[in-house]
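Structure file protein.txt with compact mmCIF, C-alpha atoms:
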```txt
# COMPACT_ATOMS: atom_id res chain seq x y z
CA GLY Q 429 0.00 0.00 0.00
CA THR Q 430 2.89 2.40 -0.60
CA VAL Q 431 2.93 5.20 -3.21
CA PHE Q 432 5.72 7.71 -3.80
CA SER Q 433 6.46 10.39 -6.38
CA PHE Q 434 9.24 12.94 -6.94
CA MET Q 435 9.75 15.55 -9.68
CA ASP Q 436 12.51 18.16 -9.92
CA PHE Q 437 11.67 20.94 -12.37
CA GLN Q 438 12.22 24.60 -13.25
CA LYS Q 439 9.64 26.91 -14.76
CA ILE Q 440 9.41 30.34 -16.35
CA GLY Q 441 6.08 32.09 -16.85
CA PHE Q 442 4.44 35.12 -18.40
CA GLY Q 443 1.04 36.40 -17.38
CA LEU Q 444 -1.53 39.11 -16.82
CA ILE Q 445 -2.89 40.65 -13.62
CA ASP Q 446 -6.01 42.71 -12.98
CA LYS Q 447 -4.92 45.59 -10.71
CA LYS Q 448 -8.41 46.13 -9.33
CA SER Q 449 -9.30 42.57 -8.30
CA LYS Q 450 -5.68 41.28 -8.13
CA SER Q 451 -6.77 38.22 -10.11
CA SER Q 452 -4.09 36.83 -12.42
CA ILE Q 453 -3.26 34.11 -14.93
CA THR Q 454 0.19 32.89 -15.97
CA ILE Q 455 1.33 30.60 -18.77
CA ASN Q 456 4.40 28.58 -17.76
CA PHE Q 457 7.02 26.54 -19.58
CA TYR Q 458 8.72 23.71 -17.66
CA ASN Q 459 11.99 21.83 -17.77
CA VAL Q 460 12.11 18.53 -15.85
CA ASP Q 461 15.55 17.18 -14.90
CA SER Q 462 14.44 14.17 -12.81
CA TYR Q 463 11.30 12.19 -12.09
CA TYR Q 464 10.59 9.08 -9.98
CA ASN Q 465 7.23 7.45 -9.41
CA GLY Q 466 6.30 4.09 -7.96
CA PHE Q 467 3.82 2.03 -6.05
CA LEU Q 468 3.82 -1.21 -4.11
CA LYS Q 469 0.39 -2.83 -3.89
CA LYS Q 470 1.68 -5.84 -1.97
CA GLY Q 471 5.03 -6.59 -0.39
CA GLU Q 472 5.37 -9.58 1.94
CA ILE Q 473 8.31 -11.58 3.30
CA TYR Q 474 7.49 -14.60 5.45
CA GLN Q 475 8.99 -17.89 6.57
CA ASN Q 476 7.42 -21.32 6.97
CA ALA Q 477 6.95 -22.91 10.39
CA ASP Q 478 10.21 -24.90 10.45
CA GLY Q 479 12.29 -22.03 9.10
CA THR Q 480 13.54 -23.82 5.99
CA THR Q 481 11.84 -21.68 3.34
CA ASP Q 482 11.55 -17.91 2.83
CA THR Q 483 8.87 -16.50 0.52
CA LEU Q 484 8.78 -13.04 -1.08
CA LYS Q 485 5.60 -11.67 -2.68
CA MET Q 486 5.75 -8.44 -4.67
CA ASN Q 487 3.32 -6.47 -6.81
CA GLY Q 488 4.20 -3.00 -8.00
CA GLU Q 489 5.95 -0.69 -10.44
CA LEU Q 490 8.78 1.86 -10.55
CA ARG Q 491 9.18 4.53 -13.25
CA SER Q 492 12.09 6.95 -13.62
CA THR Q 493 13.89 9.19 -16.09
CA THR Q 494 17.10 8.00 -17.74
CA GLY Q 495 20.36 9.59 -18.89
CA ASN Q 496 22.58 12.37 -17.54
CA SER Q 497 21.26 15.34 -19.52
CA PHE Q 498 19.91 18.37 -17.65
CA SER Q 499 16.64 18.29 -19.58
CA LYS Q 500 14.77 14.98 -19.38
CA GLY Q 501 11.41 16.44 -20.39
CA MET Q 502 9.56 19.64 -21.24
CA GLY Q 503 6.01 20.81 -20.77
CA ALA Q 504 3.55 23.65 -20.42
CA GLY Q 505 0.93 24.63 -17.88
CA ILE Q 506 -0.87 27.48 -16.17
CA ASP Q 507 -1.21 29.14 -12.78
CA PHE Q 508 -4.29 31.18 -11.99
CA ASP Q 509 -5.51 33.21 -9.04
CA TYR Q 510 -9.17 34.29 -9.16
CA ARG Q 511 -10.48 36.51 -6.35
CA ILE Q 512 -14.15 37.08 -5.53
CA PRO Q 513 -14.99 40.08 -3.25
CA MET Q 514 -17.89 39.67 -0.83
CA GLU Q 515 -19.37 41.10 2.35
CA TRP Q 516 -18.41 39.43 5.62
CA GLY Q 517 -20.06 40.31 8.94
CA ASN Q 518 -21.01 43.93 9.70
CA LEU Q 519 -20.54 44.85 6.04
CA LYS Q 520 -16.78 44.23 6.24
CA LYS Q 521 -14.99 43.34 3.05
CA ALA Q 522 -13.77 39.79 2.49
CA THR Q 523 -12.22 37.93 -0.45
CA ILE Q 524 -12.64 34.33 -1.56
CA GLN Q 525 -9.61 33.12 -3.51
CA ILE Q 526 -9.60 30.27 -6.04
CA ILE Q 527 -6.02 29.37 -6.84
CA ALA Q 528 -4.36 26.69 -8.97
CA LYS Q 529 -0.64 26.03 -9.53
CA ASN Q 530 1.20 23.96 -12.15
CA ILE Q 531 -1.84 22.68 -14.06
CA GLY Q 532 -0.44 21.14 -17.23
CA LEU Q 533 1.46 18.31 -18.92
CA VAL Q 534 5.08 17.31 -19.42
CA ASN Q 535 6.55 14.94 -22.02
CA PHE Q 536 9.83 13.06 -21.50
CA HIS Q 537 12.32 13.11 -24.39
CA SER Q 538 13.56 9.54 -23.98
CA GLY Q 539 10.51 8.14 -22.27
CA LEU Q 540 10.40 6.62 -18.82
CA GLN Q 541 12.26 3.51 -17.74
CA THR Q 542 9.75 1.18 -16.11
CA TYR Q 543 10.30 -1.80 -13.82
CA SER Q 544 7.13 -3.81 -13.16
CA PHE Q 545 6.78 -6.90 -11.00
CA ASP Q 546 4.01 -9.24 -9.93
CA SER Q 547 5.56 -12.40 -8.62
CA THR Q 548 6.11 -14.85 -5.78
CA PHE Q 549 9.70 -15.97 -5.11
CA THR Q 550 10.48 -18.89 -2.80
CA TYR Q 551 14.00 -19.43 -1.42
CA ASP Q 552 14.95 -22.72 0.26
CA GLY Q 553 18.73 -22.55 -0.08
CA LEU Q 554 21.25 -22.87 -2.91
CA LYS Q 555 21.99 -26.07 -4.82
CA ILE Q 556 25.60 -27.02 -5.55
CA LYS Q 557 25.00 -26.64 -9.29
CA GLN Q 558 24.00 -23.03 -8.68
CA LEU Q 559 27.49 -22.26 -7.42
CA TYR Q 560 29.38 -23.39 -10.55
CA GLY Q 561 28.76 -24.39 -14.16
CA ASP Q 562 26.32 -22.99 -16.68
CA LYS Q 563 23.66 -22.20 -14.06
CA SER Q 564 26.01 -20.53 -11.61
CA ILE Q 565 24.68 -17.36 -9.97
CA PHE Q 566 28.19 -15.86 -10.39
CA LYS Q 567 28.14 -15.94 -14.21
CA ASP Q 568 27.85 -12.64 -16.10
CA ASN Q 569 24.65 -13.68 -17.84
CA TYR Q 570 22.89 -14.54 -14.57
CA SER Q 571 19.98 -12.14 -14.03
CA LEU Q 572 18.49 -11.46 -10.61
CA MET Q 573 15.69 -9.50 -12.33
CA ASP Q 574 14.68 -12.59 -14.29
CA LEU Q 575 14.76 -14.67 -11.13
CA LEU Q 576 12.42 -12.21 -9.36
CA HIS Q 577 10.25 -11.78 -12.49
CA ILE Q 578 10.98 -8.06 -12.79
CA HIS Q 579 10.23 -6.76 -16.30
CA LYS Q 580 12.05 -3.74 -17.70
CA SER Q 581 10.68 -1.54 -20.49
CA VAL Q 582 11.01 2.00 -21.84
CA HIS Q 583 8.12 3.91 -23.34
CA SER Q 584 7.25 7.45 -24.25
CA LYS Q 585 5.28 9.02 -21.47
CA THR Q 586 3.27 12.19 -21.02
CA ILE Q 587 2.15 12.89 -17.45
CA PHE Q 588 0.40 15.61 -15.48
CA LEU Q 589 2.48 18.12 -13.55
CA PRO Q 590 2.20 17.96 -9.72
CA GLY Q 591 -0.33 20.79 -9.50
CA TYR Q 592 -2.79 21.68 -6.79
CA PHE Q 593 -6.06 23.58 -6.21
CA GLN Q 594 -7.02 25.71 -3.24
CA VAL Q 595 -10.23 27.58 -2.35
CA GLY Q 596 -10.60 29.73 0.73
CA LYS Q 597 -11.09 33.05 2.47
CA ILE Q 598 -7.84 35.03 2.58
CA VAL Q 599 -6.43 37.82 4.76
CA GLU Q 600 -7.03 41.37 3.49
CA GLU Q 601 -3.85 43.40 3.04
CA ASN Q 602 -5.23 46.84 3.99
CA ARG Q 603 -8.01 46.01 6.42
CA SER Q 604 -8.17 48.36 9.44
CA GLY Q 605 -9.12 45.78 12.12
CA LYS Q 606 -6.52 43.92 14.16
CA TRP Q 607 -8.11 40.47 13.89
CA GLN Q 608 -8.87 38.51 10.70
CA SER Q 609 -9.85 34.93 10.04
CA PHE Q 610 -8.90 32.69 7.13
CA PHE Q 611 -9.91 29.17 6.13
CA GLY Q 612 -10.17 26.89 3.11
CA ILE Q 613 -9.46 23.57 1.48
CA ARG Q 614 -6.50 22.37 -0.62
CA LEU Q 615 -6.45 19.48 -3.12
CA TYR Q 616 -3.57 17.65 -4.80
CA PRO Q 617 -4.44 15.20 -7.62
CA SER Q 618 -2.63 12.33 -5.91
CA MET Q 619 -3.82 8.98 -4.54
CA SER Q 620 -1.67 9.51 -1.43
CA TYR Q 621 -3.14 12.95 -0.61
CA ILE Q 622 -6.49 13.47 1.07
CA PRO Q 623 -8.21 16.91 0.94
CA MET Q 624 -6.67 19.26 3.52
CA ILE Q 625 -8.92 21.60 5.50
CA TYR Q 626 -7.32 24.55 7.30
CA VAL Q 627 -8.55 27.39 9.53
CA GLY Q 628 -6.66 30.18 11.27
CA GLY Q 629 -6.48 33.76 12.41
CA GLN Q 630 -4.17 36.76 12.06
CA TYR Q 631 -3.42 39.45 14.63
CA THR Q 632 -1.98 42.82 13.54
CA PRO Q 633 -0.71 44.70 16.63
CA ALA Q 634 1.04 47.35 14.50
CA LYS Q 635 1.17 48.35 10.84
CA TRP Q 636 4.63 46.82 10.52
CA LEU Q 637 3.86 43.47 12.20
CA GLU Q 638 1.49 40.58 11.45
CA ILE Q 639 1.24 37.37 13.48
CA GLY Q 640 -0.85 34.36 12.47
CA ALA Q 641 -1.59 30.79 13.47
CA GLN Q 642 -3.52 27.95 11.86
CA GLY Q 643 -4.57 24.37 12.28
CA SER Q 644 -4.99 21.90 9.42
CA TYR Q 645 -6.20 18.35 8.98
CA GLY Q 646 -5.61 16.06 6.01
CA GLY Q 647 -3.12 16.27 3.21
CA PHE Q 648 -0.09 13.99 3.61
CA SER Q 649 -0.59 13.87 7.40
CA ASN Q 650 -3.26 14.28 10.05
CA LEU Q 651 -3.56 17.24 12.45
CA ARG Q 652 -0.88 19.94 12.16
CA TYR Q 653 -0.38 23.41 13.62
CA GLY Q 654 1.26 26.33 11.82
CA LEU Q 655 2.62 29.72 12.87
CA TYR Q 656 3.84 32.75 10.91
CA THR Q 657 5.00 36.33 11.34
CA ASN Q 658 5.42 39.08 8.78
CA PHE Q 659 7.56 42.24 9.22
CA LYS Q 660 7.05 45.30 7.01
CA VAL Q 661 9.93 47.71 6.58
CA LYS Q 662 9.27 50.51 4.06
CA SER Q 663 8.74 48.75 0.70
CA PHE Q 664 9.88 45.35 1.96
CA ALA Q 665 7.98 42.56 3.71
CA ILE Q 666 9.91 39.71 5.39
CA GLY Q 667 7.98 36.60 6.39
CA ILE Q 668 8.94 33.58 8.51
CA ALA Q 669 6.57 30.62 8.84
CA THR Q 670 6.20 26.95 9.65
CA GLN Q 671 3.38 24.65 8.56
CA ASP Q 672 4.25 22.07 11.23
CA LEU Q 673 5.17 23.70 14.55
CA TYR Q 674 5.48 20.44 16.49
CA GLY Q 675 7.80 18.90 13.91
CA LEU Q 676 9.98 22.03 13.92
CA VAL Q 677 10.62 22.00 17.69
CA SER Q 678 10.44 18.27 18.49
CA LYS Q 679 12.27 15.23 17.15
CA ASN Q 680 9.10 13.22 17.73
CA GLY Q 681 7.33 15.05 14.90
CA TYR Q 682 6.85 13.37 11.53
CA GLY Q 683 7.50 16.46 9.37
CA GLN Q 684 9.61 19.60 9.38
CA SER Q 685 8.67 22.90 7.76
CA LEU Q 686 10.39 26.29 7.69
CA LEU Q 687 9.47 28.94 5.10
CA LEU Q 688 11.21 32.27 4.44
CA ARG Q 689 9.83 34.97 2.10
CA VAL Q 690 10.99 38.42 1.04
CA ARG Q 691 8.71 40.70 -1.01
CA CYS Q 692 9.32 44.16 -2.44
CA LYS Q 693 6.50 46.53 -3.34
CA ILE Q 694 7.26 48.55 -6.50
```
Show me the file's structure as C-alpha cells.
Amino acid sequence: GTVFSFMDFQKIGFGLIDKKSKSSITINFYNVDSYYNGFLKKGEIYQNADGTTDTLKMNGELRSTTGNSFSKGMGAGIDFDYRIPMEWGNLKKATIQIIAKNIGLVNFHSGLQTYSFDSTFTYDGLKIKQLYGDKSIFKDNYSLMDLLHIHKSVHSKTIFLPGYFQVGKIVEENRSGKWQSFFGIRLYPSMSYIPMIYVGGQYTPAKWLEIGAQGSYGGFSNLRYGLYTNFKVKSFAIGIATQDLYGLVSKNGYGQSLLLRVRCKI
C-alpha cells in the first residue's frame, strides 16, 4: 500500500494581472531534470513454520527518467488566481480566492524507464549446481531481475504536472481591524493525498507586524499546527513561517517545515 512520487523541475512564466481585483493568470514553460514514481500494492516476506523456506511476494511498479542530460522532459501549464470580493459580517470586506498552480502536462524526451513486477519468489537454499557451471549465480549472464520476475521496459510518457487547487477566504492586506480569520481547502491530484482543511487567524498589533496561526487536517498527514509572522519595513515585507510547529521544535514530529519569504513593493 505504498505510493511515492518525486519531480525536480524549473519553470518560467508570463502572465496578466487585474490591478483592481488582483486576479491573475500565468502561462508557464517547464523543464524537468528528474522524475521518480512508484507504487507497491503488496510486499510480503514470510517464513514457513520450520524455518527452511523464505517467501517473497511483490506487486508494483517503478518509473524513472534516464540519462545524464539536464533536460529529461519539457512541458507547459498554467497558474491562476481568481479573487471574488464579498461582504463578511457587519458589512466588512472579504475575499474568496480560487487558486491553482502547475496545471499542465510534461513529455519526457527519452521516455520513462519502467520496472514492473508481480511475482512470488520462494528461497529454500542454494543447490551445488548453482554455485558453478552454466547455471552458476556468479556468471555474467545470470539475471536477478529474471529470477524475481521483474520486467524492464522503456516507453514514451506524457504525465500531469504535480499541481494543486485551493479555495478559501484570505487575509485582506489593507483592512483596518486587528483580527482577521482565514480558512479553506487544498487538493492535490494524488492517490496519497487526502483533501486538507485549514482554519486560522491573524493578529496585527502594528502596521509593521502581522502574526498568524492555523490548524490543518488532512493532506499527507493528520492534524498539524502552523505559525507565521510578517515584518514590514518601508517597501519590503519579510515573512517567517512553519506549517508544522510540532515537527519544527520536536524530534518526535513526523514532518519539518520552515518557510522564508521576502517581497518588495514597486
| query | What's the 12 Å shell around stretch 529-537 of chain Q, counting only C-alpha atoms, without same-chain residues fewer than 4 positions away, as a ChimeraX atom specification? | reply | /Q:435,437-441,452-463,491-495,497-510,541,582-594,614-617
| All residues 8 Å or closer to stretch 626-639 of chain Q, all atoms listed in the file, same chain fewer than 3 positions away omitted, as a PyMOL selection string | chain Q and resi 599+605-613+642-645+655-661
| message | For stretch 487-489 of chain Q, find every residue with an atom within 10 Å (counting all atoms listed in the file), except residues of its own chain fewer than 3 positions away, and show them as a list in words. | response |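 The residues satisfying every condition are Gly429, Thr430, Val431, Asn465, Gly466, Phe467, Leu468, Lys469, Lys470, Gly471, Glu472, Thr542, Tyr543, Ser544, Phe545, Asp546, Ser547, Thr548, Ile578, His579 and Lys580 of chain Q.
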| request: Rounded to one decimal place, report the atom CA of Q:Ser685-atom CA of Q:Phe432 distance in Å. | output: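 It comes out at 19.3 Å.
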| Å distance separating atom CA of Q:Ile622 from atom CA of Q:Leu540, one decimal place |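 Rounded to one decimal, the two atoms are 27.0 Å apart.
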Exercise on stretch 594-601 of chain Q, axis-aligned box with 4 Å per side, report centre and edge lengths in Å to one decimal, as AutoDock Vina command-line options:
```
--center_x -7.5 --center_y 34.6 --center_z 0.8 --size_x 15.2 --size_y 25.7 --size_z 16.0
```
Excluding Q:Ile598 and residues on its chain fewer than 2 positions from it, collect all residues at most 7 Å away from it, counting all atoms listed in the file, and give them as an mmCIF file with C-alpha atoms, in the coordinates of the input.
```cif
data_model
loop_
_atom_site.group_PDB
_atom_site.id
_atom_site.type_symbol
_atom_site.label_atom_id
_atom_site.label_comp_id
_atom_site.auth_asym_id
_atom_site.auth_seq_id
_atom_site.Cartn_x
_atom_site.Cartn_y
_atom_site.Cartn_z
ATOM 1 C CA THR Q 523 -12.220 37.930 -0.450
ATOM 2 C CA ILE Q 524 -12.640 34.330 -1.560
ATOM 3 C CA GLN Q 525 -9.610 33.120 -3.510
ATOM 4 C CA GLY Q 596 -10.600 29.730 0.730
ATOM 5 C CA GLU Q 600 -7.030 41.370 3.490
ATOM 6 C CA PHE Q 610 -8.900 32.690 7.130
#
```
| message | Excluding Q:Leu687 and its own-chain neighbours fewer than 4 positions away, which residues fall within 6 Å of it when counting all atoms listed in the file? Please give them as a list in words. | response |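 The neighbour list is Ile668, Ala669 and Thr670 of chain Q.
We find atom CA of Q:Gln684 and atom CA of Q:Asn650 to be spaced 13.9 Å apart.
The shortest atom-to-atom distance to Q:Lys597, with only C-alpha atoms taken into account, belongs to Q:Ala522 out of Q:Met624, Q:Leu490, Q:Ala522, Q:Leu686.
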